[in-house]
Amino acid sequence: MPRPTAAQIAYGSITVIFSTLAMLLLSQTSSAVGTAVIAVSALALGLLVAMTVPQPKPRVVAVSRPAERPAEEPVPAVATGSKTAA
């Protein structure tokens with residue numbers, strides 16, 4: 001399992017904080033059960049947001065290889081014009 005990125009942690013945390021505050025203010029609940037339900041749902045929402053943040057693509061490093069040389073053609077033997085004494 002890959003480690004979460006800084007963006008995932010930030011987006012997830014901000015989502016949890018703001019969604020908790022919004023739900024508490026909108027519901028105006030004062031019971032412990034209502035607060036617990038809101039907290040659990042805010043955590044679930046934060047996890048969902050953190051997991052949907054796109055992962056950075058792995059960088060592709062180019063491997064430098066020596067340039068391929070064409071196969072060397074054999075050099076034809078040159079006949080020498082030297083005469084040997086017989």
# chains A, B, ... in the order shown; residues from 1 in each chain; ligands from 1
call {"tool": "residues_around", "arguments": {"residues": "region 41-48 of chain A", "least_positions_apart": "4", "cutoff": "6 Å", "atoms": "only C-alpha atoms", "output": "list in words"}}
result
Gly12, Thr15, Val16, Ser19 and Thr20 of chain A
call {"tool": "write_last_selection", "arguments": {"atoms": "N, CA and C atoms", "output": "mmCIF file, in the first residue's frame"}}
result
data_model
loop_
_atom_site.group_PDB
_atom_site.id
_atom_site.type_symbol
_atom_site.label_atom_id
_atom_site.label_comp_id
_atom_site.auth_asym_id
_atom_site.auth_seq_id
_atom_site.Cartn_x
_atom_site.Cartn_y
_atom_site.Cartn_z
ATOM 1 N N GLY A 12 -7.933 15.531 2.929
ATOM 2 C CA GLY A 12 -8.727 14.727 3.851
ATOM 3 C C GLY A 12 -8.966 15.435 5.168
ATOM 4 N N THR A 15 -11.356 18.385 4.740
ATOM 5 C CA THR A 15 -12.721 17.881 4.541
ATOM 6 C C THR A 15 -13.349 17.468 5.860
ATOM 7 N N VAL A 16 -12.578 16.781 6.698
ATOM 8 C CA VAL A 16 -13.106 16.347 7.997
ATOM 9 C C VAL A 16 -13.479 17.554 8.857
ATOM 10 N N SER A 19 -16.489 19.638 7.109
ATOM 11 C CA SER A 19 -17.760 18.911 7.070
ATOM 12 C C SER A 19 -18.310 18.685 8.474
ATOM 13 N N THR A 20 -17.436 18.488 9.459
ATOM 14 C CA THR A 20 -17.908 18.351 10.846
ATOM 15 C C THR A 20 -18.556 19.641 11.324
#
call {"tool": "select_by_dssp", "arguments": {"residues": "chain A", "states": "alpha helix (DSSP H)", "output": "PyMOL selection string"}}
result
chain A and resi 6-27+32-52
call {"tool": "atom_distance", "arguments": {"atom1": "CA of Pro58 (chain A)", "atom2": "CA of Ala7 (chain A)"}}
result
15.9 Å
call {"tool": "atom_distance", "arguments": {"atom1": "CA of Lys57 (chain A)", "atom2": "CA of Tyr11 (chain A)"}}
result
18.6 Å
call {"tool": "atom_distance", "arguments": {"atom1": "CA of Ile38 (chain A)", "atom2": "CA of Gln8 (chain A)"}}
result
21.4 Å
call {"tool": "closest_residue", "arguments": {"among": "A:Val78, A:Val60, A:Leu24, A:Val53", "to": "Ala10 (chain A)", "atoms": "only C-alpha atoms"}}
result
A:Val53
